[in-house]
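A.B. asks: File my_file10.pdb below, PDB, C-alpha atoms and all ligand atoms:
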```pdb
MODEL        1
ATOM      1  CA  MET D   1     113.917  61.354 118.416
ATOM      2  CA  GLU D   2     111.588  62.956 120.897
ATOM      3  CA  LYS D   3     113.608  61.459 123.715
ATOM      4  CA  ILE D   4     116.852  62.916 122.341
ATOM      5  CA  ALA D   5     115.277  66.365 122.103
ATOM      6  CA  GLN D   6     114.138  66.072 125.720
ATOM      7  CA  THR D   7     117.633  65.283 126.974
ATOM      8  CA  ILE D   8     119.263  68.228 125.211
ATOM      9  CA  PRO D   9     119.173  71.472 127.217
ATOM     10  CA  PHE D  10     116.709  73.866 125.615
ATOM     11  CA  ARG D  11     119.221  76.590 124.845
ATOM     12  CA  TYR D  12     121.580  74.108 123.178
ATOM     13  CA  TYR D  13     118.720  72.712 121.177
ATOM     14  CA  MET D  14     117.881  76.223 120.001
ATOM     15  CA  ASN D  15     121.517  76.698 118.934
ATOM     16  CA  ILE D  16     121.288  73.585 116.796
ATOM     17  CA  MET D  17     118.185  75.044 115.208
ATOM     18  CA  ASP D  18     119.957  78.359 114.539
ATOM     19  CA  HIS D  19     121.790  78.481 111.300
ATOM     20  CA  LYS D  20     123.682  80.895 109.122
ATOM     21  CA  PRO D  21     121.087  82.311 106.750
ATOM     22  CA  THR D  22     122.026  82.350 103.084
ATOM     23  CA  ARG D  23     121.360  85.127 100.610
ATOM     24  CA  GLU D  24     119.081  82.785  98.663
ATOM     25  CA  GLU D  25     117.038  82.083 101.792
ATOM     26  CA  ALA D  26     116.797  85.785 102.623
ATOM     27  CA  TRP D  27     115.566  86.505  99.095
ATOM     28  CA  THR D  28     112.935  83.757  99.315
ATOM     29  CA  ILE D  29     111.638  85.024 102.668
ATOM     30  CA  LEU D  30     111.671  88.637 101.493
ATOM     31  CA  THR D  31     109.713  87.928  98.325
ATOM     32  CA  GLU D  32     107.196  85.838 100.266
ATOM     33  CA  HIS D  33     106.326  88.930 102.274
ATOM     34  CA  VAL D  34     107.061  91.804  99.888
ATOM     35  CA  ASN D  35     105.495  92.311  96.459
ATOM     36  CA  SER D  36     106.005  96.029  95.964
ATOM     37  CA  PRO D  37     108.729  96.596  93.344
ATOM     38  CA  SER D  38     109.778  99.824  95.065
ATOM     39  CA  LEU D  39     110.205  98.090  98.425
ATOM     40  CA  VAL D  40     112.178  95.264  96.774
ATOM     41  CA  SER D  41     114.374  97.897  95.069
ATOM     42  CA  HIS D  42     114.883  99.573  98.426
ATOM     43  CA  ALA D  43     115.901  96.232  99.971
ATOM     44  CA  LEU D  44     118.382  95.645  97.136
ATOM     45  CA  ALA D  45     119.810  99.148  97.531
ATOM     46  CA  VAL D  46     120.280  98.691 101.273
ATOM     47  CA  GLU D  47     121.869  95.282 100.678
ATOM     48  CA  ALA D  48     124.344  96.759  98.177
ATOM     49  CA  VAL D  49     125.303  99.595 100.531
ATOM     50  CA  MET D  50     125.721  97.204 103.464
ATOM     51  CA  ARG D  51     127.993  95.043 101.305
ATOM     52  CA  HIS D  52     130.052  98.109 100.379
ATOM     53  CA  PHE D  53     130.514  99.042 104.048
ATOM     54  CA  ALA D  54     131.329  95.449 105.020
ATOM     55  CA  ARG D  55     134.079  95.318 102.390
ATOM     56  CA  LYS D  56     135.402  98.668 103.574
ATOM     57  CA  LYS D  57     135.513  97.451 107.173
ATOM     58  CA  SER D  58     136.714  93.923 106.329
ATOM     59  CA  ALA D  59     133.556  92.549 107.940
ATOM     60  CA  ASP D  60     131.379  89.582 106.883
ATOM     61  CA  GLU D  61     130.013  90.885 103.573
ATOM     62  CA  ASP D  62     127.389  88.185 103.161
ATOM     63  CA  LEU D  63     126.006  88.669 106.651
ATOM     64  CA  TRP D  64     125.835  92.443 106.267
ATOM     65  CA  GLY D  65     124.218  92.109 102.846
ATOM     66  CA  ILE D  66     121.652  89.573 104.013
ATOM     67  CA  ILE D  67     120.588  91.734 106.946
ATOM     68  CA  GLY D  68     120.286  94.702 104.601
ATOM     69  CA  LEU D  69     118.167  92.680 102.188
ATOM     70  CA  ILE D  70     115.740  91.388 104.817
ATOM     71  CA  HIS D  71     115.504  94.438 107.102
ATOM     72  CA  ASP D  72     112.032  95.619 105.999
ATOM     73  CA  VAL D  73     110.522  92.132 105.645
ATOM     74  CA  ASP D  74     107.326  92.972 107.566
ATOM     75  CA  TYR D  75     106.814  96.526 106.304
ATOM     76  CA  GLU D  76     104.419  95.808 103.447
ATOM     77  CA  GLU D  77     102.155  93.495 105.442
ATOM     78  CA  HIS D  78     102.283  95.522 108.664
ATOM     79  CA  PRO D  79     103.106  99.165 107.909
ATOM     80  CA  ASP D  80     101.580 100.248 111.219
ATOM     81  CA  GLU D  81     103.303  97.511 113.188
ATOM     82  CA  HIS D  82     106.677  97.631 111.457
ATOM     83  CA  LEU D  83     109.293  95.403 113.148
ATOM     84  CA  ARG D  84     106.754  93.860 115.495
ATOM     85  CA  HIS D  85     106.408  90.913 113.123
ATOM     86  CA  ALA D  86     109.891  90.654 111.602
ATOM     87  CA  PRO D  87     111.416  88.877 114.650
ATOM     88  CA  GLU D  88     108.762  86.162 114.550
ATOM     89  CA  ILE D  89     109.188  85.675 110.793
ATOM     90  CA  LEU D  90     112.963  85.305 111.116
ATOM     91  CA  ARG D  91     112.801  83.060 114.194
ATOM     92  CA  ARG D  92     110.339  80.804 112.403
ATOM     93  CA  HIS D  93     113.068  80.246 109.822
ATOM     94  CA  GLY D  94     115.615  79.545 112.549
ATOM     95  CA  TRP D  95     117.580  82.769 112.105
ATOM     96  CA  PRO D  96     120.057  83.540 114.884
ATOM     97  CA  GLU D  97     119.097  86.071 117.540
ATOM     98  CA  GLU D  98     121.975  88.320 116.436
ATOM     99  CA  SER D  99     120.291  88.721 113.054
ATOM    100  CA  VAL D 100     116.854  89.252 114.610
ATOM    101  CA  ARG D 101     118.327  91.954 116.839
ATOM    102  CA  ALA D 102     120.148  93.642 113.973
ATOM    103  CA  VAL D 103     116.934  93.893 111.966
ATOM    104  CA  ALA D 104     114.925  95.195 114.929
ATOM    105  CA  SER D 105     117.521  97.831 115.831
ATOM    106  CA  HIS D 106     117.168  99.679 112.530
ATOM    107  CA  GLY D 107     113.833 100.996 113.792
ATOM    108  CA  TRP D 108     115.340 102.391 116.976
ATOM    109  CA  GLY D 109     113.414 105.370 118.318
ATOM    110  CA  LEU D 110     110.571 104.971 115.814
ATOM    111  CA  PHE D 111     109.389 101.374 115.909
ATOM    112  CA  THR D 112     111.560  99.696 118.538
ATOM    113  CA  ASP D 113     113.579 100.656 121.598
ATOM    114  CA  ILE D 114     116.488  98.439 120.542
ATOM    115  CA  ALA D 115     119.479 100.698 120.019
ATOM    116  CA  PRO D 116     122.062  99.863 117.351
ATOM    117  CA  VAL D 117     125.218  98.646 119.084
ATOM    118  CA  THR D 118     127.344  96.682 116.622
ATOM    119  CA  ASP D 119     129.006  98.206 113.587
ATOM    120  CA  LEU D 120     126.556  96.337 111.365
ATOM    121  CA  GLU D 121     123.561  97.670 113.295
ATOM    122  CA  LYS D 122     124.825 101.262 113.325
ATOM    123  CA  THR D 123     125.510 101.137 109.594
ATOM    124  CA  LEU D 124     122.055  99.773 108.758
ATOM    125  CA  PHE D 125     120.454 102.432 110.942
ATOM    126  CA  ALA D 126     122.473 105.197 109.250
ATOM    127  CA  ILE D 127     122.018 104.231 105.605
ATOM    128  CA  ASP D 128     118.435 102.921 105.477
ATOM    129  CA  GLU D 129     116.781 106.316 104.978
ATOM    130  CA  LEU D 130     119.799 107.734 103.158
ATOM    131  CA  THR D 131     119.408 105.275 100.264
ATOM    132  CA  GLY D 132     115.991 106.887  99.671
ATOM    133  CA  LEU D 133     117.449 110.384  99.491
ATOM    134  CA  VAL D 134     120.282 109.271  97.201
ATOM    135  CA  ALA D 135     117.823 107.487  94.889
ATOM    136  CA  ALA D 136     115.550 110.545  94.762
ATOM    137  CA  ALA D 137     118.519 112.870  94.101
ATOM    138  CA  ALA D 138     119.707 110.597  91.271
ATOM    139  CA  ARG D 139     116.273 110.504  89.649
ATOM    140  CA  VAL D 140     116.047 114.278  89.214
ATOM    141  CA  ARG D 141     119.427 114.590  87.489
ATOM    142  CA  PRO D 142     119.541 114.982  83.705
ATOM    143  CA  SER D 143     121.331 111.630  83.557
ATOM    144  CA  ARG D 144     118.807 110.041  85.945
ATOM    145  CA  SER D 145     121.757 108.115  87.231
ATOM    146  CA  VAL D 146     123.459 107.368  90.510
ATOM    147  CA  MET D 147     126.675 106.654  88.588
ATOM    148  CA  ASP D 148     127.626 110.328  88.217
ATOM    149  CA  LEU D 149     125.864 111.657  91.293
ATOM    150  CA  PRO D 150     128.131 113.987  93.286
ATOM    151  CA  VAL D 151     127.962 114.194  97.091
ATOM    152  CA  LYS D 152     127.306 117.947  96.879
ATOM    153  CA  SER D 153     124.176 117.317  94.861
ATOM    154  CA  VAL D 154     122.784 115.082  97.644
ATOM    155  CA  LEU D 155     123.797 117.653 100.264
ATOM    156  CA  LYS D 156     121.864 120.319  98.369
ATOM    157  CA  LYS D 157     118.781 118.115  98.385
ATOM    158  CA  TRP D 158     119.407 117.363 102.066
ATOM    159  CA  LYS D 159     118.945 121.054 102.867
ATOM    160  CA  ASP D 160     115.783 121.286 100.794
ATOM    161  CA  LYS D 161     113.347 119.901 103.353
ATOM    162  CA  GLY D 162     110.557 119.770 100.782
ATOM    163  CA  PHE D 163     112.589 117.387  98.612
ATOM    164  CA  ALA D 164     111.948 113.711  99.428
ATOM    165  CA  ALA D 165     110.194 115.010 102.521
ATOM    166  CA  GLY D 166     109.559 111.483 103.782
ATOM    167  CA  VAL D 167     113.284 110.944 104.317
ATOM    168  CA  ASP D 168     113.969 111.518 107.984
ATOM    169  CA  ARG D 169     117.182 113.586 108.017
ATOM    170  CA  LYS D 170     117.370 113.394 111.828
ATOM    171  CA  VAL D 171     117.641 109.582 111.761
ATOM    172  CA  ILE D 172     120.480 109.781 109.233
ATOM    173  CA  GLU D 173     122.285 112.390 111.359
ATOM    174  CA  LYS D 174     121.843 110.174 114.403
ATOM    175  CA  GLY D 175     123.323 107.280 112.418
ATOM    176  CA  ALA D 176     126.329 109.333 111.296
ATOM    177  CA  THR D 177     126.920 110.303 114.926
ATOM    178  CA  LEU D 178     126.722 106.659 116.007
ATOM    179  CA  LEU D 179     129.252 105.703 113.342
ATOM    180  CA  GLU D 180     131.361 108.768 114.116
ATOM    181  CA  VAL D 181     131.660 109.710 110.461
ATOM    182  CA  PRO D 182     130.915 113.038 108.757
ATOM    183  CA  LEU D 183     127.667 113.161 106.805
ATOM    184  CA  GLU D 184     129.614 113.796 103.569
ATOM    185  CA  GLU D 185     131.514 110.530 103.999
ATOM    186  CA  LEU D 186     128.347 108.588 104.759
ATOM    187  CA  ILE D 187     126.713 109.968 101.612
ATOM    188  CA  ALA D 188     129.796 109.202  99.472
ATOM    189  CA  ASP D 189     129.860 105.587 100.667
ATOM    190  CA  THR D 190     126.107 105.182 100.169
ATOM    191  CA  ILE D 191     126.414 106.431  96.568
ATOM    192  CA  GLU D 192     129.347 104.072  95.985
ATOM    193  CA  GLY D 193     127.406 101.109  97.364
ATOM    194  CA  MET D 194     124.325 101.859  95.270
ATOM    195  CA  LYS D 195     126.350 101.987  92.043
ATOM    196  CA  ALA D 196     126.810  98.211  92.238
ATOM    197  CA  ILE D 197     123.055  97.604  91.971
ATOM    198  CA  ALA D 198     122.155 100.690  89.863
ATOM    199  CA  GLU D 199     121.058  98.785  86.779
ATOM    200  CA  THR D 200     118.736  96.433  88.699
ATOM    201  CA  ILE D 201     117.060  99.206  90.663
ATOM    202  CA  GLY D 202     116.642 101.545  87.704
ATOM    203  CA  LEU D 203     119.295 104.083  88.658
ATOM    204  CA  LYS D 204     121.843 103.469  85.925
ATOM    205  CA  GLY D 205     120.228 106.175  83.766
ATOM    206  CA  ASN D 206     122.365 107.667  81.052
ATOM    207  CA  PRO D 207     125.530 108.944  82.730
ATOM    208  CA  GLY D 208     127.625 111.179  80.543
ATOM    209  CA  GLY D 209     124.854 111.455  77.974
ATOM    210  CA  THR D 210     121.949 113.800  77.631
ATOM    211  CA  SER D 211     118.448 113.225  78.827
ATOM    212  CA  SER D 212     115.867 112.466  76.159
ATOM    213  CA  THR D 213     113.195 114.425  78.015
TER     214      THR D 213
HETATM  215 FE    FE X   1     114.358 100.265 105.026
ENDMDL
END
```
Let me see the structure of the file written as structure tokens.
C.D. replies:
Amino acid sequence: MEKIAQTIPFRYYMNIMDHKPTREEAWTILTEHVNSPSLVSHALAVEAVMRHFARKKSADEDLWGIIGLIHDVDYEEHPDEHLRHAPEILRRHGWPEESVRAVASHGWGLFTDIAPVTDLEKTLFAIDELTGLVAAAARVRPSRSVMDLPVKSVLKKWKDKGFAAGVDRKVIEKGATLLEVPLEELIADTIEGMKAIAETIGLKGNPGGTSST
């Protein structure tokens, strides 16, 4: 066996080791490294939005979803060294370099100098922070729901810099520019994507009804 490995060129050997990650595998790796329910909810929200965009663009929905799910895999364990550890974690599991790169590029300008180039990378970069603003905007509605959240309501919160102050509006704007889409469209698609996972992440609320508080 050792002899066979020695006769195979290194790069080819690495390709054999690479594989197409499954959603189940991504979930297992994520939950090995992330315990925080809010960070898991964020991962699920980003996955759902990535899947929405993939369907819209007729891209590989599973791949886009899996990258969305795993993108913050090292954040809880290494908040001050975010994305410095994710590549090693993914490589250890034999993930392809394309996936490693896609994950690393979502921290462009803040944690890495890897710029988003592919459609998948640009989308992840653009919607990562935006899912946080959409979730926060949904939570303060009487319905506490993302299901009936209008784009204009998110735009209003966008302008209120004190609201969800941790959400970096500049990164989202940069992402919209990369994707060459208006901010309104990006917000509308992010809301649409999050509806699919609303129940699981606690954003189903009581649309159409009245708040009990
Ligand atoms: Fe994130």
A.B. asks: Take CA of Leu155 (chain D) and CA of Glu192 (chain D) and report the distance between them in Å, one decimal.
C.D. replies: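 Interatomic distance here is 15.3 Å.
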A.B. asks: Might you spell out which residues the PyMOL selection byres (((not hetatm)) within 7 of (chain X and resi 1)) would select in the displayed file, as a list of chain:residue names?
C.D. replies: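 Matching residues under the PyMOL selection byres (((not hetatm)) within 7 of (chain X and resi 1)) are D:His42, D:Ala43, D:His71, D:Asp72, D:Asp128, D:Glu129.
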A.B. asks: Can you list, as a ChimeraX atom specification, every protein, DNA or RNA residue that comes within 12 Å of region 47-50 of chain D when you count only C-alpha atoms, leaving out same-chain residues fewer than 6 positions away?
C.D. replies: /D:23,26-27,40-41,56-72,119-132,134,186-198,200-201
A.B. asks: What gap, in Å, lies between CA of Arg84 (chain D) and CA of Arg169 (chain D)?
C.D. replies: 23.5 Å
A.B. asks: Considering only C-alpha atoms, return as a PDB file with C-alpha atoms, keeping the file's coordinate frame whatever protein or nucleic-acid residues lie within 12 Å of Glu98 (chain D), sequence-local ones (same chain, fewer than 6 positions apart) excluded.
C.D. replies:
```
ATOM      1  CA  ASN D  15     121.517  76.698 118.934  1.00  0.00           C
ATOM      2  CA  ASP D  18     119.957  78.359 114.539  1.00  0.00           C
ATOM      3  CA  HIS D  19     121.790  78.481 111.300  1.00  0.00           C
ATOM      4  CA  LYS D  20     123.682  80.895 109.122  1.00  0.00           C
ATOM      5  CA  PRO D  21     121.087  82.311 106.750  1.00  0.00           C
ATOM      6  CA  LEU D  63     126.006  88.669 106.651  1.00  0.00           C
ATOM      7  CA  TRP D  64     125.835  92.443 106.267  1.00  0.00           C
ATOM      8  CA  ILE D  67     120.588  91.734 106.946  1.00  0.00           C
ATOM      9  CA  PRO D  87     111.416  88.877 114.650  1.00  0.00           C
ATOM     10  CA  LEU D  90     112.963  85.305 111.116  1.00  0.00           C
ATOM     11  CA  ARG D  91     112.801  83.060 114.194  1.00  0.00           C
ATOM     12  CA  ALA D 104     114.925  95.195 114.929  1.00  0.00           C
ATOM     13  CA  SER D 105     117.521  97.831 115.831  1.00  0.00           C
ATOM     14  CA  PRO D 116     122.062  99.863 117.351  1.00  0.00           C
ATOM     15  CA  VAL D 117     125.218  98.646 119.084  1.00  0.00           C
ATOM     16  CA  THR D 118     127.344  96.682 116.622  1.00  0.00           C
ATOM     17  CA  LEU D 120     126.556  96.337 111.365  1.00  0.00           C
ATOM     18  CA  GLU D 121     123.561  97.670 113.295  1.00  0.00           C
TER      19      GLU D 121
END
```
A.B. asks: Pick out the closest residue to Ala102 (chain D) from this set: D:Asp148, D:Leu30, D:Thr177, D:Ala86. Count only C-alpha atoms.
C.D. replies: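 Using only C-alpha atoms, the shortest distance to Ala102 (chain D) belongs to D:Ala86.
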A.B. asks: I need the residue set behind the PyMOL selection byres (((chain D and resi 109) around 12) and not hetatm) for this file; please write it as a PyMOL selection string.
C.D. replies: chain D and resi 83+104-108+110-116+125+170-171+174-175
A.B. asks: Next, write the just-selected residues to a file, as an mmCIF file, in the coordinates of the input, keeping C-alpha atoms as the atom set.
C.D. replies:
```cif
data_model
loop_
_atom_site.group_PDB
_atom_site.id
_atom_site.type_symbol
_atom_site.label_atom_id
_atom_site.label_comp_id
_atom_site.auth_asym_id
_atom_site.auth_seq_id
_atom_site.Cartn_x
_atom_site.Cartn_y
_atom_site.Cartn_z
ATOM 1 C CA LEU D 83 109.293 95.403 113.148
ATOM 2 C CA ALA D 104 114.925 95.195 114.929
ATOM 3 C CA SER D 105 117.521 97.831 115.831
ATOM 4 C CA HIS D 106 117.168 99.679 112.530
ATOM 5 C CA GLY D 107 113.833 100.996 113.792
ATOM 6 C CA TRP D 108 115.340 102.391 116.976
ATOM 7 C CA LEU D 110 110.571 104.971 115.814
ATOM 8 C CA PHE D 111 109.389 101.374 115.909
ATOM 9 C CA THR D 112 111.560 99.696 118.538
ATOM 10 C CA ASP D 113 113.579 100.656 121.598
ATOM 11 C CA ILE D 114 116.488 98.439 120.542
ATOM 12 C CA ALA D 115 119.479 100.698 120.019
ATOM 13 C CA PRO D 116 122.062 99.863 117.351
ATOM 14 C CA PHE D 125 120.454 102.432 110.942
ATOM 15 C CA LYS D 170 117.370 113.394 111.828
ATOM 16 C CA VAL D 171 117.641 109.582 111.761
ATOM 17 C CA LYS D 174 121.843 110.174 114.403
ATOM 18 C CA GLY D 175 123.323 107.280 112.418
#
```
A.B. asks: Can you turn the PyMOL selection byres (((chain D and resi 137) around 9) and not hetatm) into a concrete residue list for this file, as a list in words?
C.D. replies: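 Matching residues under the PyMOL selection byres (((chain D and resi 137) around 9) and not hetatm) are Gly132, Leu133, Val134, Ala135, Ala136, Ala138, Arg139, Val140, Arg141, Arg144, Ser145, Val146, Leu149, Ser153, Val154, Lys157, Phe163 and Ala164 of chain D.
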A.B. asks: Compare D:Glu81, D:Ala45, D:Pro182, D:Val73 by their minimum atom-to-atom distance to Val100 (chain D), counting all atoms listed in the file, and give me the closest one.
C.D. replies: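 Closest to Val100 (chain D), using all atoms listed in the file: D:Val73.
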A.B. asks: To one decimal in Å, tell me the separation between CA of Val103 (chain D) and CA of Ala165 (chain D).
C.D. replies: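 Separation between CA of Val103 (chain D) and CA of Ala165 (chain D): 24.1 Å.
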A.B. asks: I need the residue nearest His93 (chain D) from this list: D:Asp168, D:Glu25, D:Glu76, D:Glu199. Use only C-alpha atoms for the distance.
C.D. replies: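 Result for the nearest residue to His93 (chain D): D:Glu25.
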